[in-house]
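In what follows, a single structure is set out as structure tokens and then discussed.
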Amino acid sequence: MSSDPTLDTLTSELDRAHVFHSWSAQGSLAPLVIAGGAGTRVWDHSGRTYLDFSSQLVNVNIGHQHPAVVAGIVAQAELLTTIAPSTANFTRGQAAERIAGLAPDGFEKVFFTNGGADANENAIRMARLVTGRDKVISRYRSYHGNTGAAIVATGDWRRIPNEFARGHVHVFGPYLYRSEFWATTPEEESARALHHLERVIQAEGPSTVAAILLESIPGTAGVMVPPPGYLAGVREICDRYDIVLILDEVMAGFGRTGRWFAFEDFDVRPDLITFAKGVNSGYVPLGGVIISDAIASQFDERVFPGGLTYSGHPLATAAAVATIDAMKAEGIVENARRIGEDSIAPRLAELAEKHAAIGEVRGTGVFWAMELVADRATREPLPAATMGAIKKELLARGLLPFVQDNRIHVVPPCIVTDDEVAEAFAAYDEVLTLVS
């Protein structure tokens, strides 16, 4: 790692002059400069290092610059950098085989996309085509991507200025800490959320609903692990009304929860599984839909009216093959589960006991959130200015955090060690003490 502070200045100047950033007012931006990374750490050109407890956008599951994944990309680049999706390519086939092999029995086909948003777009398209129906039900507390249907399926504020797609209906999902259903137990929350969902379907007309689209565990919305029986109950409702169940595993999949897929911890079997992010840790953009055999067979004699120039791109699929193989060989998914149980969960409990600003902690694997409040009794969220100060102080201590609304998401790479967890929590403790 070389040190050249002038490159930090030049990078910032180039960024301000020419880069238009997403989800931002451009005038006052001052993005953090990142020059390189390895494992769980990234650094700038000056040599300032940060422990990455954001996994960037919760996608660098295998860590930065994993040598096996880099080598896989290099080997594929030397052989063939790109090829049309209409061709057969060995690397693409290997990636599809490995991904389908992680899904439940009865999922043999994979449709590749460039990322999570267009994975959800195409899953919605498949559901509409096979059902002949139009409406898609999703949750208000959700994020499904920034393309036409995906952003309208999204439940947060980003949907509102982008509502150009048709046929989308939203419901409230379970979130006991801020229950919409006056529930006092996880079981009540689950039952009442399911009742609400079914009543919306009945009111909309079951014969008009093509799909229910849910994040198995909502990520950006707050890492809300579903209560007992909820996902299984959604499956029962889908079966009752012949509705396609799409589970969005874009953020929660490929080791993030200590499982290959988050839904494995719940008694549920989807019809379509969307993925991206962790499948190759974002080293080259890749997403897709894992398709149940029943739905895939609908297109044996019928044209699927969808496609992308870079579907199954060789460099991206080579990265996926290398990622999955390395995660298996190195026990990385198992590490994520153990770290969550043995290291993150107990430290979060200790922090919550110590700091009144922590209203609730929740999560699994390396997928957790601390919800911060100004008052535990009223559960009033900590103000945005205070959250900004927390982020600034964490960065000053060499920790790269994921701060969203009034929450700190604890989302390190799946390769994180106990010592690195201890290092991060020392920073959390220090900063929460400071701001309180």
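Quick note on naming: the chains in the structure tokens go A, B, ... in the order shown, residues restart at 1 in each chain, and ligands are numbered from 1 in order of appearance.
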Please run DSSP on the backbone and report, as a PyMOL selection string, all residues within segment 86-333 of chain A that come out as strand (DSSP E). chain A and resi 107-113+135-139+168-171+209-215+244-248+272-275+287-292
Would you kindly return, as a PyMOL selection string, each protein, DNA or RNA residue with an atom no farther than 10 Å from any atom of Ala71 of chain A, considering only C-alpha atoms and excluding same-chain residues fewer than 5 positions away? chain A and resi 65-66+76-77+318-319+322
Can you pull out the residues contacting segment 409-413 of chain A? Cut-off 7 Å, using only C-alpha atoms, and skip same-chain residues under 5 positions away; I want them as a list in words.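 My list of contacting residues is Thr40, Asp52, Phe53, Ser54, Ser55, Val58, Val60, Asn61, Ile62, Gly63, Val366, Phe367, Trp368, Ala369, Met370, Phe402 and Val403 of chain A.
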Would you kindly return, as number ranges by chain, each protein, DNA or RNA residue with an atom no farther than 10 Å from any atom of segment 116-122 of chain A, considering only C-alpha atoms and excluding same-chain residues fewer than 4 positions away? A: 111-112, 126-128, 143-151, 153, 213, 246-251, 272-277, 285-290, 304-308
Would you output that residue set with C-alpha atoms, as a short mmCIF file (atom, residue, chain, number, x, y, z; two decimals), in the first residue's frame?
```
data_model
loop_
_atom_site.label_atom_id
_atom_site.label_comp_id
_atom_site.auth_asym_id
_atom_site.auth_seq_id
_atom_site.Cartn_x
_atom_site.Cartn_y
_atom_site.Cartn_z
CA PHE A 111 -31.87 -16.38 -15.74
CA PHE A 112 -28.90 -14.04 -15.41
CA MET A 126 -42.29 -14.13 -15.29
CA ALA A 127 -45.01 -14.11 -12.64
CA ARG A 128 -47.29 -11.92 -14.75
CA TYR A 143 -36.17 -2.00 -1.28
CA HIS A 144 -36.17 -3.94 -4.54
CA GLY A 145 -34.04 -1.80 -6.89
CA ASN A 146 -34.06 1.31 -9.05
CA THR A 147 -35.61 0.19 -12.33
CA GLY A 148 -39.19 0.64 -13.52
CA ALA A 149 -41.16 -2.04 -11.69
CA ALA A 150 -38.54 -2.67 -8.99
CA ILE A 151 -38.59 0.89 -7.70
CA ALA A 153 -42.38 -2.36 -5.76
CA LEU A 213 -42.61 -9.98 -3.73
CA ILE A 246 -40.97 -14.22 -5.20
CA LEU A 247 -38.35 -14.04 -2.45
CA ASP A 248 -35.78 -11.29 -2.92
CA GLU A 249 -32.45 -12.63 -1.64
CA VAL A 250 -30.38 -9.86 -3.25
CA MET A 251 -29.00 -8.58 0.05
CA LEU A 272 -38.81 -17.57 -7.82
CA ILE A 273 -35.61 -16.51 -6.03
CA THR A 274 -33.87 -13.28 -7.00
CA PHE A 275 -30.19 -12.74 -6.20
CA ALA A 276 -27.21 -10.45 -6.86
CA LYS A 277 -24.64 -8.79 -4.54
CA PRO A 285 -22.02 -6.80 -11.71
CA LEU A 286 -24.24 -9.91 -11.70
CA GLY A 287 -27.75 -10.86 -10.61
CA GLY A 288 -30.41 -13.28 -11.61
CA VAL A 289 -33.57 -15.27 -11.03
CA ILE A 290 -33.51 -18.90 -9.89
CA PHE A 304 -39.78 -15.47 -22.80
CA PRO A 305 -39.97 -11.80 -23.86
CA GLY A 306 -36.96 -10.50 -21.97
CA GLY A 307 -33.20 -10.30 -22.23
CA LEU A 308 -30.08 -8.25 -21.55
#
```
Just checking: using only C-alpha atoms, which residue out of A:Tyr177, A:Ala203, A:Ala424, A:Thr81 ends up closest to Glu380 of chain A?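 Ranked by minimum distance to Glu380 of chain A, first place goes to A:Tyr177.
Non-sequential neighbours of Ser292 of chain A (distance at most 9 Å, separation of 6 or more positions within a chain, only C-alpha atoms) are Asp105, Gly106, Phe107, Glu108, Lys109, Pro270, Asp271, Leu272 and Ile273 of chain A.
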Pull C-alpha atoms from the residues just selected and write them as a short mmCIF file (atom, residue, chain, number, x, y, z; two decimals), in the first residue's frame.
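As a result, again-v7.cif now contains:
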```cif
data_model
loop_
_atom_site.label_atom_id
_atom_site.label_comp_id
_atom_site.auth_asym_id
_atom_site.auth_seq_id
_atom_site.Cartn_x
_atom_site.Cartn_y
_atom_site.Cartn_z
CA ASP A 105 -34.80 -29.30 -5.21
CA GLY A 106 -36.89 -28.39 -8.23
CA PHE A 107 -34.92 -25.26 -9.19
CA GLU A 108 -32.75 -26.12 -12.20
CA LYS A 109 -32.72 -22.95 -14.33
CA PRO A 270 -40.62 -19.73 -2.99
CA ASP A 271 -41.49 -20.01 -6.68
CA LEU A 272 -38.81 -17.57 -7.82
CA ILE A 273 -35.61 -16.51 -6.03
#
```
Could you pull out the residues in segment 120-308 of chain A that DSSP calls helix (DSSP H, G or I) from the backbone, as an MDAnalysis selection string? chainID A and resid 120:131 148:153 157:162 176:178 186:204 206:208 230:241 262:265 277:279 293:299
Contacts of Ile237 of chain A at 10 Å (only C-alpha atoms; same-chain gap of 3+ positions) as a list in words: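 Returned residues: Leu194, His195, Leu197, Glu198, Ile201, Ile212, Leu231, Ala232, Gly233, Val234, Arg240, Tyr241, Asp242, Ile243 and Leu245 of chain A.
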